[in-house]
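Chemist: This is data_30.txt (compact mmCIF, C-alpha atoms).
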```txt
# COMPACT_ATOMS: atom_id res chain seq x y z
CA MET U 1 12.80 16.00 8.11
CA ALA U 2 13.40 16.12 4.42
CA ASN U 3 14.55 19.59 3.47
CA SER U 4 14.90 21.23 6.85
CA GLY U 5 18.62 20.58 7.25
CA PRO U 6 19.98 23.98 8.23
CA VAL U 7 23.62 23.19 7.51
CA ALA U 8 24.89 21.98 4.18
CA PRO U 9 26.65 18.69 4.81
CA ALA U 10 30.36 19.04 4.18
CA PRO U 11 32.29 15.94 3.30
CA LEU U 12 35.23 15.45 5.59
CA HIS U 13 37.75 15.57 2.77
CA ASP U 14 36.67 19.14 1.93
CA LEU U 15 38.05 20.35 5.25
CA THR U 16 41.64 21.20 6.00
CA ARG U 17 43.57 18.65 7.97
CA ALA U 18 43.39 20.68 11.19
CA GLN U 19 39.63 21.26 10.84
CA ARG U 20 39.06 17.60 10.18
CA ARG U 21 41.05 16.60 13.21
CA ARG U 22 39.09 19.01 15.37
CA VAL U 23 35.70 17.79 14.15
CA ILE U 24 36.60 14.16 14.77
CA ALA U 25 38.18 14.84 18.17
CA LEU U 26 35.19 16.88 19.28
CA GLY U 27 32.71 14.20 18.27
CA LEU U 28 34.64 11.46 20.02
CA LEU U 29 35.15 13.60 23.13
CA ARG U 30 31.43 14.30 23.39
CA ALA U 31 30.62 10.59 23.07
CA LEU U 32 33.29 9.71 25.64
CA ALA U 33 31.96 12.31 28.06
CA ALA U 34 28.42 10.98 27.69
CA ALA U 35 29.54 7.39 28.26
CA ALA U 36 31.64 8.41 31.29
CA ALA U 37 28.72 10.33 32.79
CA LEU U 38 26.40 7.33 32.32
CA LEU U 39 28.97 4.98 33.86
CA ALA U 40 29.43 7.28 36.86
CA LEU U 41 25.67 7.45 37.32
CA TYR U 42 25.46 3.66 37.16
CA PHE U 43 28.05 3.18 39.87
CA LEU U 44 26.89 5.99 42.16
CA ALA U 45 23.09 5.71 42.03
CA PRO U 46 21.57 3.88 45.01
CA LEU U 47 20.34 1.01 42.87
CA ASP U 48 20.59 -1.51 45.71
CA ARG U 49 17.86 0.21 47.71
CA VAL U 50 14.87 -0.37 45.47
CA THR U 51 11.45 -1.97 45.64
CA ALA U 52 9.58 -3.89 42.97
CA LEU U 53 7.54 -0.78 42.21
CA SER U 54 10.53 1.48 41.71
CA LEU U 55 12.09 -1.20 39.48
CA LEU U 56 8.96 -1.19 37.33
CA ILE U 57 8.99 2.61 37.10
CA PHE U 58 12.71 2.53 36.29
CA MET U 59 12.10 0.04 33.45
CA VAL U 60 9.30 2.07 31.88
CA VAL U 61 11.18 5.38 32.18
CA GLY U 62 14.38 3.71 30.95
CA LEU U 63 12.63 2.36 27.88
CA LEU U 64 11.16 5.79 27.11
CA ILE U 65 14.57 7.45 27.55
CA LEU U 66 16.20 4.88 25.27
CA ALA U 67 13.55 5.44 22.58
CA GLY U 68 13.79 9.21 22.96
CA VAL U 69 17.59 9.30 22.78
CA THR U 70 17.60 7.05 19.71
CA ALA U 71 15.05 9.24 17.91
CA PHE U 72 16.98 12.39 18.90
CA GLN U 73 20.24 10.91 17.60
CA VAL U 74 18.71 9.94 14.25
CA VAL U 75 17.36 13.46 13.75
CA ALA U 76 20.73 14.93 14.81
CA ILE U 77 22.56 12.80 12.23
CA VAL U 78 20.23 13.81 9.43
CA ARG U 79 20.71 17.49 10.30
CA SER U 80 24.41 17.33 11.03
CA ALA U 81 27.07 19.01 8.93
CA HIS U 82 29.26 15.95 9.40
CA PRO U 83 26.84 13.01 9.41
CA GLY U 84 29.57 10.37 9.40
CA ILE U 85 31.15 11.63 12.60
CA ARG U 86 27.76 12.31 14.13
CA ALA U 87 26.66 8.71 13.43
CA VAL U 88 29.69 7.33 15.25
CA GLU U 89 29.02 9.68 18.13
CA ALA U 90 25.36 8.60 18.20
CA LEU U 91 26.33 4.91 18.35
CA ALA U 92 28.91 5.60 21.04
CA THR U 93 26.19 7.22 23.15
CA THR U 94 23.22 4.94 22.47
CA VAL U 95 24.93 1.57 22.92
CA PRO U 96 26.38 2.38 26.39
CA LEU U 97 22.97 3.73 27.40
CA PHE U 98 21.33 0.50 26.25
CA LEU U 99 23.89 -1.64 28.11
CA LEU U 100 23.76 0.36 31.34
CA LEU U 101 19.96 0.48 31.43
CA PHE U 102 19.75 -3.31 31.18
CA SER U 103 22.65 -3.77 33.55
CA ALA U 104 21.02 -1.54 36.16
CA THR U 105 17.74 -3.43 35.77
CA TYR U 106 19.42 -6.80 36.30
CA PHE U 107 21.30 -5.41 39.30
CA MET U 108 18.11 -4.10 40.89
CA MET U 109 16.26 -7.30 40.11
CA SER U 110 18.99 -9.36 41.71
CA HIS U 111 18.78 -7.22 44.85
CA ILE U 112 15.01 -7.50 45.12
CA ASP U 113 15.12 -11.27 44.67
CA ASN U 114 18.53 -12.87 45.27
CA ASP U 115 17.51 -15.95 43.27
CA SER U 116 16.84 -14.05 40.03
CA PHE U 117 20.21 -15.12 38.65
CA THR U 118 22.36 -18.16 39.26
CA THR U 119 24.92 -15.89 40.93
CA HIS U 120 23.28 -14.53 44.07
CA ALA U 121 23.16 -10.76 44.57
CA LEU U 122 25.04 -9.56 41.52
CA THR U 123 27.50 -6.74 42.01
CA ARG U 124 27.41 -3.82 39.57
CA ILE U 125 30.44 -5.27 37.81
CA ASP U 126 28.85 -8.74 37.63
CA SER U 127 25.72 -7.25 36.14
CA LEU U 128 27.56 -5.15 33.55
CA TYR U 129 29.73 -8.13 32.64
CA PHE U 130 26.65 -10.29 32.21
CA THR U 131 24.94 -7.66 30.01
CA VAL U 132 27.99 -7.40 27.76
CA THR U 133 28.33 -11.18 27.39
CA VAL U 134 24.70 -11.23 26.25
CA LEU U 135 25.12 -8.34 23.77
CA SER U 136 28.24 -9.87 22.26
CA THR U 137 26.47 -13.28 22.16
CA VAL U 138 29.43 -14.80 24.03
CA GLY U 139 27.02 -16.26 26.58
CA PHE U 140 29.46 -18.01 28.95
CA GLY U 141 26.56 -19.13 31.12
CA ASP U 142 28.54 -18.64 34.34
CA ILE U 143 25.81 -16.15 35.24
CA SER U 144 22.39 -16.88 33.81
CA PRO U 145 18.83 -15.85 34.67
CA ALA U 146 17.05 -18.32 36.95
CA SER U 147 13.66 -16.77 37.75
CA GLN U 148 10.87 -16.45 35.19
CA GLY U 149 10.95 -12.66 35.42
CA ALA U 150 14.70 -12.51 34.84
CA ARG U 151 14.41 -14.89 31.90
CA LEU U 152 11.70 -12.74 30.34
CA LEU U 153 13.85 -9.65 30.75
CA VAL U 154 16.96 -11.32 29.28
CA THR U 155 14.79 -12.56 26.40
CA ALA U 156 13.77 -8.95 25.79
CA GLN U 157 17.43 -7.88 25.81
CA MET U 158 18.39 -10.60 23.32
CA VAL U 159 15.61 -9.54 20.94
CA LEU U 160 16.60 -5.88 21.33
CA ASN U 161 20.26 -6.84 20.73
CA LEU U 162 19.26 -7.89 17.25
CA VAL U 163 17.64 -4.51 16.76
CA VAL U 164 20.67 -2.65 18.17
CA LEU U 165 23.21 -4.62 16.19
CA GLY U 166 21.21 -4.90 12.99
CA ALA U 167 18.77 -2.06 12.52
CA GLY U 168 20.60 0.38 14.79
CA VAL U 169 23.87 0.23 12.95
CA ARG U 170 22.14 0.27 9.59
CA LEU U 171 19.83 3.12 10.57
CA LEU U 172 22.65 5.33 11.74
CA ALA U 173 24.84 4.55 8.76
CA GLY U 174 21.89 5.12 6.41
CA ALA U 175 21.05 8.46 8.02
CA ALA U 176 24.65 9.56 7.59
CA LYS U 177 24.66 8.52 3.96
CA ARG U 178 21.39 10.31 3.22
CA ALA U 179 22.48 13.53 4.87
CA ARG U 180 25.80 13.42 3.00
CA ARG U 181 23.90 13.32 -0.28
CA GLY U 182 22.06 16.45 0.79
CA GLY U 183 18.53 16.97 2.09
CA GLY U 184 16.10 14.12 1.71
CA GLN U 185 17.26 13.12 -1.72
CA THR U 186 18.15 9.50 -1.61
CA ASP U 187 19.73 7.42 -4.24
CA PRO U 188 16.80 5.33 -5.48
CA SER U 189 19.07 2.41 -6.20
CA SER U 190 20.72 1.83 -2.87
CA PRO U 191 19.83 -1.74 -2.06
CA SER U 192 21.48 -3.59 0.79
CA GLU U 193 25.22 -3.28 0.54
CA MET Y 1 5.00 -9.18 -14.43
CA SER Y 2 2.02 -9.32 -16.74
CA THR Y 3 0.34 -6.10 -17.76
CA PRO Y 4 -3.28 -6.98 -16.90
CA SER Y 5 -2.45 -7.65 -13.28
CA SER Y 6 -0.59 -4.37 -12.90
CA ALA Y 7 -3.62 -2.55 -14.30
CA SER Y 8 -5.87 -4.12 -11.69
CA ARG Y 9 -3.64 -3.01 -8.84
CA PRO Y 10 -5.43 -0.20 -7.03
CA VAL Y 11 -2.48 1.83 -5.75
CA GLN Y 12 0.92 2.73 -7.09
CA ALA Y 13 4.02 1.88 -5.12
CA HIS Y 14 6.12 4.69 -3.69
CA ARG Y 15 9.43 4.92 -1.96
CA LEU Y 16 9.38 6.50 1.46
CA THR Y 17 11.43 9.39 0.12
CA GLU Y 18 8.91 10.10 -2.62
CA VAL Y 19 5.92 10.95 -0.47
CA SER Y 20 5.35 14.25 1.31
CA PRO Y 21 6.89 14.63 4.79
CA ALA Y 22 3.47 14.73 6.42
CA GLU Y 23 2.36 11.60 4.63
CA ARG Y 24 5.63 9.90 5.49
CA ARG Y 25 5.33 10.78 9.14
CA ARG Y 26 1.79 9.43 9.20
CA ALA Y 27 2.83 6.21 7.45
CA LEU Y 28 5.81 5.72 9.79
CA THR Y 29 3.67 6.27 12.87
CA ARG Y 30 1.04 3.86 11.64
CA ALA Y 31 3.66 1.25 10.77
CA LEU Y 32 5.40 1.62 14.13
CA ILE Y 33 2.15 1.18 16.05
CA SER Y 34 1.16 -1.83 14.00
CA MET Y 35 4.62 -3.37 14.52
CA VAL Y 36 4.40 -3.02 18.28
CA VAL Y 37 0.82 -4.34 18.33
CA THR Y 38 1.49 -7.37 16.11
CA PHE Y 39 4.69 -8.19 18.00
CA PHE Y 40 2.93 -8.29 21.34
CA ALA Y 41 -0.13 -9.98 19.84
CA VAL Y 42 2.04 -12.88 18.69
CA ILE Y 43 3.67 -13.13 22.13
CA ALA Y 44 0.27 -12.94 23.87
CA LEU Y 45 -1.11 -15.61 21.56
CA TYR Y 46 1.82 -17.83 22.48
CA TYR Y 47 0.94 -17.54 26.16
CA VAL Y 48 -2.77 -18.27 25.82
CA VAL Y 49 -2.92 -20.92 23.08
CA PRO Y 50 -3.89 -24.27 24.65
CA LEU Y 51 -1.17 -26.89 24.21
CA SER Y 52 -2.30 -30.38 25.07
CA THR Y 53 0.19 -32.66 26.74
CA ARG Y 54 -0.56 -36.10 25.42
CA GLU Y 55 2.04 -38.70 24.47
CA LEU Y 56 4.26 -38.10 21.48
CA GLY Y 57 3.00 -39.95 18.45
CA VAL Y 58 1.55 -39.68 14.98
CA ARG Y 59 -0.69 -36.90 16.16
CA SER Y 60 2.33 -34.79 17.17
CA LEU Y 61 3.80 -35.27 13.72
CA VAL Y 62 0.57 -34.09 12.13
CA ARG Y 63 0.57 -31.07 14.38
CA LEU Y 64 4.18 -30.37 13.46
CA GLY Y 65 3.25 -30.53 9.77
CA VAL Y 66 0.32 -28.18 10.31
CA GLY Y 67 2.57 -25.75 12.19
CA LEU Y 68 5.18 -25.81 9.44
CA ALA Y 69 2.55 -25.28 6.73
CA LEU Y 70 1.13 -22.41 8.76
CA PHE Y 71 4.57 -20.79 9.00
CA VAL Y 72 5.21 -21.09 5.26
CA GLY Y 73 1.69 -19.77 4.64
CA ILE Y 74 2.38 -16.73 6.83
CA LEU Y 75 5.63 -16.04 4.93
CA VAL Y 76 3.86 -16.26 1.56
CA TRP Y 77 1.08 -14.01 2.86
CA LEU Y 78 3.65 -11.44 4.03
CA VAL Y 79 5.45 -11.44 0.66
CA ARG Y 80 2.13 -10.98 -1.17
CA GLY Y 81 1.35 -8.09 1.11
CA ILE Y 82 4.65 -6.42 0.21
CA LEU Y 83 4.02 -6.97 -3.51
CA ARG Y 84 0.69 -5.14 -3.21
CA SER Y 85 1.67 -2.42 -0.79
CA ASP Y 86 1.81 1.26 -1.72
CA LEU Y 87 4.84 1.70 0.56
CA PRO Y 88 6.67 -1.62 0.11
CA GLU Y 89 9.82 -0.63 2.04
CA LEU Y 90 7.81 -0.02 5.18
CA ARG Y 91 5.78 -3.15 4.57
CA ALA Y 92 8.96 -5.24 4.33
CA ALA Y 93 10.13 -3.93 7.69
CA GLN Y 94 6.73 -4.78 9.15
CA ALA Y 95 6.96 -8.27 7.69
CA VAL Y 96 10.24 -8.87 9.56
CA VAL Y 97 8.60 -7.78 12.81
CA VAL Y 98 5.82 -10.34 12.23
CA ALA Y 99 8.01 -13.19 10.97
CA VAL Y 100 10.65 -13.10 13.73
CA PRO Y 101 8.27 -13.57 16.70
CA VAL Y 102 6.27 -16.16 14.74
CA PHE Y 103 9.46 -18.12 14.11
CA LEU Y 104 10.58 -17.84 17.76
CA THR Y 105 7.23 -18.65 19.35
CA GLY Y 106 6.80 -21.51 16.87
CA TYR Y 107 9.94 -23.16 18.19
CA ALA Y 108 9.00 -22.23 21.76
CA VAL Y 109 5.73 -24.15 21.33
CA LEU Y 110 7.71 -27.11 20.06
CA TYR Y 111 10.08 -27.05 23.05
CA TYR Y 112 7.24 -26.60 25.51
CA VAL Y 113 5.31 -29.56 24.09
CA LEU Y 114 8.44 -31.72 23.85
CA SER Y 115 9.34 -30.94 27.44
CA ARG Y 116 5.83 -31.65 28.71
CA GLU Y 117 5.42 -34.87 26.76
CA GLY Y 118 8.83 -36.45 27.04
CA GLY Y 119 11.17 -34.27 29.11
CA GLY Y 120 14.57 -34.35 27.48
CA PHE Y 121 15.76 -30.97 28.69
CA THR Y 122 17.93 -30.25 31.71
CA GLU Y 123 14.80 -28.86 33.38
CA PRO Y 124 11.04 -28.98 32.73
CA LEU Y 125 10.19 -25.93 30.62
CA THR Y 126 7.50 -23.38 31.40
CA ARG Y 127 6.20 -21.26 28.52
CA THR Y 128 8.54 -18.44 29.51
CA SER Y 129 11.53 -20.78 29.79
CA ALA Y 130 10.71 -22.33 26.41
CA LEU Y 131 10.57 -18.90 24.75
CA TYR Y 132 13.73 -17.84 26.59
CA PHE Y 133 15.52 -20.98 25.36
CA ALA Y 134 14.37 -20.40 21.76
CA VAL Y 135 15.69 -16.82 21.87
CA VAL Y 136 18.99 -17.91 23.48
CA VAL Y 137 19.48 -20.31 20.57
CA PHE Y 138 18.33 -17.83 17.89
CA GLY Y 139 20.59 -15.07 19.20
CA SER Y 140 23.53 -17.52 19.35
CA VAL Y 141 23.95 -16.57 23.02
CA GLY Y 142 23.94 -20.20 24.16
CA PHE Y 143 24.11 -19.80 27.95
CA GLY Y 144 23.93 -23.53 28.45
CA ASP Y 145 21.69 -23.25 31.53
CA ILE Y 146 18.99 -25.11 29.61
CA THR Y 147 20.16 -27.72 27.12
CA PRO Y 148 18.49 -30.60 25.28
CA THR Y 149 19.44 -34.02 26.65
CA SER Y 150 17.42 -36.42 24.49
CA ASP Y 151 18.34 -37.18 20.89
CA LEU Y 152 14.95 -36.01 19.61
CA ASN Y 153 15.29 -32.66 21.34
CA ARG Y 154 18.85 -32.25 20.13
CA ILE Y 155 17.63 -32.79 16.56
CA VAL Y 156 14.94 -30.15 17.03
CA VAL Y 157 17.47 -27.66 18.46
CA MET Y 158 19.84 -28.35 15.56
CA SER Y 159 16.98 -27.68 13.18
CA GLN Y 160 16.35 -24.33 14.90
CA VAL Y 161 20.01 -23.33 14.64
CA LEU Y 162 20.09 -24.12 10.92
CA ALA Y 163 16.61 -22.74 10.21
CA GLY Y 164 17.53 -19.59 12.13
CA LEU Y 165 20.55 -19.00 9.91
CA ALA Y 166 18.50 -19.68 6.80
CA PHE Y 167 15.77 -17.44 8.14
CA ILE Y 168 18.15 -14.49 8.55
CA ALA Y 169 19.87 -15.14 5.24
CA VAL Y 170 16.84 -15.94 3.09
CA ALA Y 171 13.50 -14.83 4.53
CA ILE Y 172 14.51 -11.28 5.41
CA ARG Y 173 16.30 -10.87 2.10
CA ILE Y 174 13.20 -12.10 0.26
CA PHE Y 175 11.09 -9.45 2.01
CA PHE Y 176 13.37 -6.65 0.86
CA ALA Y 177 13.75 -8.16 -2.60
CA ALA Y 178 9.95 -8.21 -2.85
CA SER Y 179 9.90 -4.56 -1.86
CA ARG Y 180 12.41 -3.68 -4.60
CA LEU Y 181 10.53 -5.78 -7.12
CA ARG Y 182 7.31 -3.97 -6.28
CA LEU Y 183 8.99 -0.58 -6.63
CA ASN Y 184 10.67 -1.38 -9.93
CA ARG Y 185 7.62 -3.01 -11.43
CA ASP Y 186 5.61 0.18 -11.50
CA ARG Y 187 8.23 2.12 -13.42
CA PRO Y 188 10.24 -0.19 -15.61
CA ALA Y 189 11.27 2.64 -17.92
CA SER Y 190 11.94 5.63 -15.66
CA ASP Y 191 14.49 4.42 -13.15
CA GLY Y 192 14.52 0.68 -13.30
CA GLY Y 193 17.83 0.87 -15.11
CA GLN Y 194 19.95 2.84 -12.68
CA ARG Y 195 21.26 0.17 -10.41
CA GLY Y 196 24.58 -0.14 -8.70
CA GLU Y 197 26.81 2.73 -7.85
```
Show me this structure written as structure tokens.

Modeler:
Amino acid sequence: MANSGPVAPAPLHDLTRAQRRRVIALGLLRALAAAAALLALYFLAPLDRVTALSLLIFMVVGLLILAGVTAFQVVAIVRSAHPGIRAVEALATTVPLFLLLFSATYFMMSHIDNDSFTTHALTRIDSLYFTVTVLSTVGFGDISPASQGARLLVTAQMVLNLVVLGAGVRLLAGAAKRARRGGGQTDPSSPSE
Amino acid sequence: MSTPSSASRPVQAHRLTEVSPAERRRALTRALISMVVTFFAVIALYYVVPLSTRELGVRSLVRLGVGLALFVGILVWLVRGILRSDLPELRAAQAVVVAVPVFLTGYAVLYYVLSREGGGFTEPLTRTSALYFAVVVFGSVGFGDITPTSDLNRIVVMSQVLAGLAFIAVAIRIFFAASRLRLNRDRPASDGGQRGE
């Protein structure tokens, strides 16, 4: 990963105003398109017709996809010509994926066992709303997990939230910073800011 | 700090960016696997460790003291590990992945035992519910579906809220400070001076 960056990173302020605007707009558009596609998939997929086995498969595959996408995004940032923009794009893709994967899992769980959550048979909106209140640590408690399985899953989300909010943001920002300095050369004295 | 001890250290400390890409990849893979394994080992241990359900009393206090000493011991052991590691940055990250589940399952044990011995929560806690409650408190989610109702339990929950903040602010920072200390110790002359931007 160190010296294989094919493009020399160009700081944004080296570009003309029009170029800069195009780079930023393109990055944001791509992230928006990815998020919209994920959202459409979430609302259209037949998630209410699932069995316990397909839920289990969905969780395993979902976890692998999440890990794969995160790794891919980190590599993409390090190799990008505009790591700053690319990092924002990566966050704007990974976080919706994380939210929608958990939301879909809760939704399916609630349809397999109506008593998984205090609100019976969550709708897709209910489930997404619940997932976001957990990520933001608002935690109204109007919907909360009731079964042991649901509690275990929400516990996993809360632990992963810490990773997403803490390490994720730091990782992406750090990758952008490293790539901006060029290759794998890092500033040896970059302690926590 | 002293010179004789640094001479007896078998390996030199390196930053992740200083080693060859192949070596780095190997070290990262090894660290990642060990993180996943230790994380789930701690959780598995939490589920299998026998927790007796006798009355609260002096014996519970002794057990609490032993638990606390054990936790401090684990923290000290982790810091020592970082100070001796050849890749201290990676070791610090691993230490966080050990310390967080130990902290959470430690409080989960406390809640489980409290609930079994004296109640005091809105519902009797299973091991999963106790862990879930500890994480809800740690993550500041605070659903409010499970809450402490007795004074004793409320004190314990307060202590988790405060210890959790201290844990984030202090323990994790100490790990990364230890990693920097280890890195700077080996080369006081070469680049110990260039700090700050």

Chemist: Select all residues from chain Y having any atom no more than 10 Å from an atom of chain U (counting only C-alpha atoms, ignoring ligands), output as number ranges by chain.

Modeler: Y: 15-18, 20-22, 24-25, 100-101, 126-136, 138-146, 173, 176-177, 180, 183-184, 191-197

Chemist: Could you tell me how far atom CA of Y:Val76 sits from atom CA of Y:Ser52, in Å to one decimal place?

Modeler: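 Result for atom CA of Y:Ser52 versus atom CA of Y:Val76: 28.1 Å, one decimal.
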
Chemist: Kindly indicate which residue among U:Leu101, U:Gly27, U:Leu39, U:Leu165 lies nearest to U:Ile77, using all atoms listed in the file for the distances.

Modeler: U:Gly27

Chemist: Expressed in Å to a single decimal, how great is the separation between atom CA of U:Val61 and atom CA of U:Ala176?

Modeler: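 Separation between atom CA of U:Val61 and atom CA of U:Ala176: 28.3 Å.
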
Chemist: Considering all atoms listed in the file, can you say which of Y:Leu64, Y:Val98, Y:Val79, Y:His14 comes closest to Y:Thr38?

Modeler: Y:Val98

Chemist: Take the point (10.6, -10.4, 5.1) as written in the file and pick out every residue within 9 Å of it, counting all atoms listed in the file; give the list as a PyMOL selection string.

Modeler: chain Y and resi 75+78-79+82+91-99+170-178

Chemist: To one decimal place in Å, what is the distance between atom CA of Y:Leu165 and atom CA of U:Leu99?

Modeler: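 If I compute the distance from atom CA of Y:Leu165 to atom CA of U:Leu99, I get 25.4 Å.
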
Chemist: Skip U:Met59 itself and residues of its chain fewer than 5 positions away, then list as a PDB file with C-alpha atoms, in the coordinates of the input all residues within 12 Å of it, counting all atoms listed in the file.

Modeler:
```pdb
ATOM      1  CA  ALA U  52       9.580  -3.890  42.970  1.00  0.00           C
ATOM      2  CA  LEU U  53       7.540  -0.780  42.210  1.00  0.00           C
ATOM      3  CA  SER U  54      10.530   1.480  41.710  1.00  0.00           C
ATOM      4  CA  LEU U  64      11.160   5.790  27.110  1.00  0.00           C
ATOM      5  CA  ILE U  65      14.570   7.450  27.550  1.00  0.00           C
ATOM      6  CA  LEU U  66      16.200   4.880  25.270  1.00  0.00           C
ATOM      7  CA  PHE U  98      21.330   0.500  26.250  1.00  0.00           C
ATOM      8  CA  LEU U 100      23.760   0.360  31.340  1.00  0.00           C
ATOM      9  CA  LEU U 101      19.960   0.480  31.430  1.00  0.00           C
ATOM     10  CA  PHE U 102      19.750  -3.310  31.180  1.00  0.00           C
ATOM     11  CA  SER U 103      22.650  -3.770  33.550  1.00  0.00           C
ATOM     12  CA  ALA U 104      21.020  -1.540  36.160  1.00  0.00           C
ATOM     13  CA  THR U 105      17.740  -3.430  35.770  1.00  0.00           C
ATOM     14  CA  TYR U 106      19.420  -6.800  36.300  1.00  0.00           C
ATOM     15  CA  MET U 108      18.110  -4.100  40.890  1.00  0.00           C
ATOM     16  CA  MET U 109      16.260  -7.300  40.110  1.00  0.00           C
ATOM     17  CA  LEU U 153      13.850  -9.650  30.750  1.00  0.00           C
ATOM     18  CA  ALA U 156      13.770  -8.950  25.790  1.00  0.00           C
TER      19      ALA U 156
END
```

Chemist: Which one is closest to Y:Val157: Y:Arg80, Y:Glu23, Y:Tyr107, Y:Leu125? Count all atoms listed in the file.

Modeler: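 Closest to Y:Val157, using all atoms listed in the file: Y:Tyr107.
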
Chemist: Which residues come within 10 Å of U:Val69, counting all atoms listed in the file, excluding same-chain residues fewer than 4 positions away, as a list in words?

Modeler: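 My list of contacting residues is Leu63, Leu64, Ile65, Gln73, Val74, Val75, Ala90, Thr93, Thr94 and Leu97 of chain U.
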